[in-house]
Each structure stands twice: as C-alpha cells, then as structure tokens.
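Novice: A single structure is presented below for examination.
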Amino acid sequence: MSATTLSAAGAIPGPAKDLRVSEALGRSRHRRNMIVKALCFAATAIGLLFLASILATLVWRGMAGLSLTVFTTSTLPPGSNGGLLNAIVGSLIQTLIGAAIGTPIGLMVGTYLAEYARDSALGNSVRFVSDVLLSAPSILIGLFVYQLVVNPFNGFSAIAGCLALAVIVIPIVVRTTEDMLRLIPATLREAVIGLGAPKWKMITLVCYRAAREGIMTGVLLAIARVAGETAPLLFTSLGNLNWSTDLTKPMASLPVTIYQYAGSAFQDWIDLAWAGALLITLGVLAINIIARLVLRRGV
C-alpha cells in the first residue's frame, strides 16, 4: 500500500491534519489571550472606577468645607467658625523634622548596604530588618515610640511624633538608596578608584551624583507616606486644639484632626474634616508628581 493511501486512511498524519491541529491550537491560544486581556481590562476599569469615585467624593465634600478661614484660623469649638491653621502648621513641622531625622540615617544605611556590606551576613541581616520595618504597621511604630519616649517622660510631645515619623522614613530611604547605588556600573567605581581617589570620595562625589535623582525620589515618596499617617501621632504627639509650636508639648496635625472631627456630631467639624482630607490628598499628589518628574528627568 502506498504512503498516499495510508495517509488518506488515517494511518499516517498528513500535512493537512498537522495544519488543522496547528490552527486549533492557535485559536485556543487566541481565546485564552482574549479572556485574560478582558479580565485585565475589567480589573483596571473597576480599580479606576473606585479611585475616581473616591476622588470625586473627596473633591465634592472637601471643596464645600474649604474657605479662607481654614488657612487663617486655628481649630475652635463647634459653631465658632474655626479653621485648620494649627493642624496644617503642626503637620508641616512634624513631617519636615521627621524627614530631616530619618533621611540621613536611611541614606547612610543604604550606602553601607550597597557599598560596604553587599553580600555579607551582617548586610543581609540589616537588609532583612529594614524590609520588615518597611512593611510593619505604623501603629506598632507609634506604640514603640510611646514606650520609648512618651512613657518615660510622662507626656505626649511633638518630638515623639517626629521620631515616630522618622522611623517610618528610614526604611523607605534605605531601600531606595541601596537600589539606586546598585544601578551604578562597577566600571565607574573602578575608574574612580584607579585614579587614586579614596572610597569615601568615590561614593560622595561620583555615586551620589549619579544616583541623586532616584534618591531624591525616594525621599519625596517617604515624605508623602508620612504626611498622612495618623496612628503613630495618636500615640506620640496626640494632637492639640490650640495653637502650639512647642516641640515638648502635644501638637496638632491634619491626620489626627481629621480623625477627631470626622467622628463628631457637629456638621462644621465634619466639613473641616473633609477639607483637611482634601488638603492632604492634594499635598501627597503634588509630592508624587514632583517625584515622578524628577525620576523622568533623571532617566
């Protein structure tokens, strides 16, 4: 019997059958691809819908509570036409001091991990602890600073709030600094060392300059993260309905004020809570936009 007869009888798969099998597999892959793509688009649409609804509600309710009084008057009793000046100033003070404390520490630790202890056991241990601290709930950090600073000195203070925020800033800057320094080619380091420069000068004058955009982006993102933290400040700086810039006493902040006002029974306080939430959102959005512009410019 000839090969053509066997192929026609089905004993030998011919080119036509192979083509049909290939086409069937191609259609099956195309269907699976379309299903996965549709699920991805649906998930994206659902996420954007929720985000848009949150932002729309925030803008609608927050704009209703915004007025010049919000920026010129401190918090007052209900019905007194109070504002959020002390909370805004308190948030700026604590956020900036917390970032000023945490950023140098995070920068030094990230430099140590990238330049001196890249594959050592100590470096791996420090990196592991930093990653754990990065994912730790902020309320635990607040409790830690409460036991370390507030409890021994028998009083809440803005200093304790700044320290709590600094602890949150540190692991973010550590991770960003290490990643950015690791991206610098080893040949650049070798060229600088080959010219006779000491390692510390190579790091400060070459590596930092090459990675400054990425490091600055990490610092800005850390500031955006701590600007909206409430739990650590509840256990440390507590909040203050009066004007106060004394770091040794309780100090107001926008997140804590929003937390206190949002659950009140007074409509003017609720409106101020929405206005404060809108201000924090706009501030964090501005910081994120600046960080992305800096990163894009660096790329």
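Chain identifiers are assigned as A, B, and so on, following the order in which chains appear in the structure tokens; residues are numbered from 1 within each chain, and ligands are numbered from 1 in order of appearance.
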Please return, as a VMD selection string, all residues of range 181-284 of chain A that DSSP assigns to helix (DSSP H, G or I) on the basis of the backbone.

Specialist: chain A and resid 181 to 182 186 to 194 199 to 227 231 to 234 254 to 262 267 to 284

Novice: Quick one: residues within 12 Å of Pro137 in chain A, only C-alpha atoms, excluding same-chain residues fewer than 2 positions away - as a list in words?

Specialist: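 My list of contacting residues is Val132, Leu133, Leu134, Ser135, Ile139, Leu140, Ile141, Gly142, Leu143, Phe144, Ala164, Val167, Ile168, Glu229, Thr230, Ala231 and Pro232 of chain A.
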
Novice: Could you produce a table of the residues of range 157-181 of chain A lying within 10 Å of range 240-247 of chain A, with the nearest pair of atoms per residue and their separation in Å rounded to one decimal, using only C-alpha atoms, ordered by chain and increasing residue number, as CSV?

Specialist:
residue,atom,partner,partner_atom,distance
A:Ser157,CA,A:Leu247,CA,6.1
A:Ala158,CA,A:Leu247,CA,4.6
A:Ile159,CA,A:Leu247,CA,5.4
A:Ala160,CA,A:Leu247,CA,8.7
A:Gly161,CA,A:Leu247,CA,9.2
A:Cys162,CA,A:Leu247,CA,9.0

Novice: Print the selection's residues with N, CA and C atoms to a file, as a compact mmCIF listing (two decimals), in the first residue's frame.

Specialist:
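Below is the file again36.txt, written as the result:
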# COMPACT_ATOMS: atom_id res chain seq x y z
N SER A 157 4.33 64.59 73.18
CA SER A 157 5.10 65.72 72.67
C SER A 157 5.26 65.59 71.17
N ALA A 158 5.51 66.74 70.55
CA ALA A 158 5.76 66.74 69.11
C ALA A 158 7.07 66.04 68.77
N ILE A 159 8.02 66.07 69.70
CA ILE A 159 9.29 65.37 69.47
C ILE A 159 9.04 63.88 69.26
N ALA A 160 8.18 63.30 70.09
CA ALA A 160 7.85 61.89 69.94
C ALA A 160 7.20 61.63 68.59
N GLY A 161 6.31 62.54 68.14
CA GLY A 161 5.70 62.39 66.83
C GLY A 161 6.71 62.45 65.71
N CYS A 162 7.66 63.35 65.82
CA CYS A 162 8.72 63.45 64.80
C CYS A 162 9.56 62.18 64.75

Novice: Give me the range 179-296 of chain A side of the contact with range 47-63 of chain A, cut-off 6 Å, one line per residue showing its nearest atom pair and distance in Å at one decimal, counting only C-alpha atoms, sorted by chain and residue number, as a Markdown table.

Specialist:
| residue | atom | partner | partner_atom | distance |
| --- | --- | --- | --- | --- |
| A:Trp274 | CA | A:Gly62 | CA | 4.5 |
| A:Ala275 | CA | A:Gly62 | CA | 4.1 |
| A:Leu278 | CA | A:Gly62 | CA | 5.4 |

Novice: For each of A:Tyr112, A:Tyr259, A:Phe128, A:Tyr146, take the minimum atom-to-atom distance to Phe235 in chain A, counting only C-alpha atoms, then give the residue where this is smallest.

Specialist: A:Tyr146

Novice: As a list in words, please: the residues near Gly82 in chain A (cut-off 8 Å, only C-alpha atoms, same-chain neighbours under 3 positions excluded).

Specialist: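 Using only C-alpha atoms, the neighbours found are Thr69, Val70, Thr73, Ser74, Thr75, Leu76, Pro77, Pro78 and Gly79 of chain A.
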
Novice: Keeping N, CA and C atoms for every residue in the selection just given, could you write it to a file as an mmCIF file, in the first residue's frame?

Specialist:
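Result saved to out-v3.cif:
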data_model
loop_
_atom_site.group_PDB
_atom_site.id
_atom_site.type_symbol
_atom_site.label_atom_id
_atom_site.label_comp_id
_atom_site.auth_asym_id
_atom_site.auth_seq_id
_atom_site.Cartn_x
_atom_site.Cartn_y
_atom_site.Cartn_z
ATOM 1 N N THR A 69 -10.975 80.890 55.915
ATOM 2 C CA THR A 69 -10.871 80.666 57.363
ATOM 3 C C THR A 69 -10.076 79.414 57.684
ATOM 4 N N VAL A 70 -10.147 78.412 56.806
ATOM 5 C CA VAL A 70 -9.423 77.163 57.030
ATOM 6 C C VAL A 70 -7.924 77.419 57.159
ATOM 7 N N THR A 73 -7.339 80.464 60.563
ATOM 8 C CA THR A 73 -7.863 80.315 61.924
ATOM 9 C C THR A 73 -7.517 78.936 62.461
ATOM 10 N N SER A 74 -7.197 78.884 63.745
ATOM 11 C CA SER A 74 -6.924 77.601 64.389
ATOM 12 C C SER A 74 -8.234 76.877 64.677
ATOM 13 N N THR A 75 -8.114 75.634 65.115
ATOM 14 C CA THR A 75 -9.303 74.862 65.462
ATOM 15 C C THR A 75 -9.991 75.473 66.676
ATOM 16 N N LEU A 76 -11.309 75.569 66.590
ATOM 17 C CA LEU A 76 -12.119 76.188 67.639
ATOM 18 C C LEU A 76 -13.263 75.259 68.018
ATOM 19 N N PRO A 77 -13.976 75.549 69.109
ATOM 20 C CA PRO A 77 -15.132 74.732 69.479
ATOM 21 C C PRO A 77 -16.184 74.714 68.370
ATOM 22 N N PRO A 78 -17.067 73.754 68.386
ATOM 23 C CA PRO A 78 -18.097 73.658 67.345
ATOM 24 C C PRO A 78 -18.931 74.930 67.259
ATOM 25 N N GLY A 79 -19.253 75.328 66.030
ATOM 26 C CA GLY A 79 -20.067 76.507 65.808
ATOM 27 C C GLY A 79 -19.334 77.815 65.910
#

Novice: For a quick check of understanding, using only C-alpha atoms, which of A:Ile101, A:Leu85, A:Ala277, A:Leu96 has the smallest distance to Leu68 in chain A?

Specialist: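 Of A:Ile101, A:Leu85, A:Ala277, A:Leu96, the one nearest Leu68 in chain A is A:Leu85, counting only C-alpha atoms.
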
Novice: Need the shell around Arg175 in chain A: protein/DNA/RNA residues with any atom at most 8 Å away, counting only C-alpha atoms. Skip same-chain ones fewer than 3 positions apart. Format as a VMD selection string?

Specialist: chain A and resid 110 130 to 131 171 to 172 178 to 179

Novice: Range 177-294 of chain A near range 86-94 of chain A within 7 Å: what's each residue's closest atom pair and its distance in Å to one decimal, counting only C-alpha atoms, ordered by chain then ascending residue number, as a Markdown table?

Specialist:
| residue | atom | partner | partner_atom | distance |
| --- | --- | --- | --- | --- |
| A:Trp243 | CA | A:Asn86 | CA | 5.3 |
| A:Met251 | CA | A:Gly90 | CA | 6.0 |
| A:Ala252 | CA | A:Ala87 | CA | 4.7 |
| A:Ser253 | CA | A:Ala87 | CA | 4.2 |
| A:Leu254 | CA | A:Ala87 | CA | 4.9 |
| A:Thr257 | CA | A:Ala87 | CA | 6.8 |

Novice: Kindly indicate which residue among A:Ala16, A:Leu234, A:Ala222, A:Leu181 lies nearest to Val284 in chain A, using only C-alpha atoms for the distances.

Specialist: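 For Val284 in chain A, the nearest of the given residues is A:Ala222.
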
Novice: Between CA of Thr176 in chain A and CA of Thr217 in chain A, what is the spacing in Å?

Specialist: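 Those two atoms sit 8.2 Å apart.
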
Novice: So which residues touch Gln260 in chain A within 9 Å, counting only C-alpha atoms, skipping near sequence neighbours fewer than 5 positions away, as a ChimeraX atom specification?

Specialist: /A:255,269,273

Novice: I'd like the contact shell of range 187-204 of chain A - 9 Å cut-off, only C-alpha atoms, skipping same-chain residues fewer than 5 positions apart - returned as a PyMOL selection string.

Specialist: chain A and resi 111+115+209

Novice: Quote the spacing between CA of Thr103 in chain A and CA of Val226 in chain A in Å to one decimal place.

Specialist: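 Computed distance, CA of Thr103 in chain A to CA of Val226 in chain A, equals 12.4 Å.
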
Novice: Could you tell me how far CA of Val129 in chain A sits from CA of Thr95 in chain A, in Å to one decimal place?

Specialist: 23.5 Å

Novice: Between A:Leu285, A:Tyr116, A:Gln267, A:Lys37, which residue has the minimum interatomic distance to Gly228 in chain A, considering only C-alpha atoms?

Specialist: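 Among A:Leu285, A:Tyr116, A:Gln267, A:Lys37, it is A:Leu285 that comes nearest to Gly228 in chain A.
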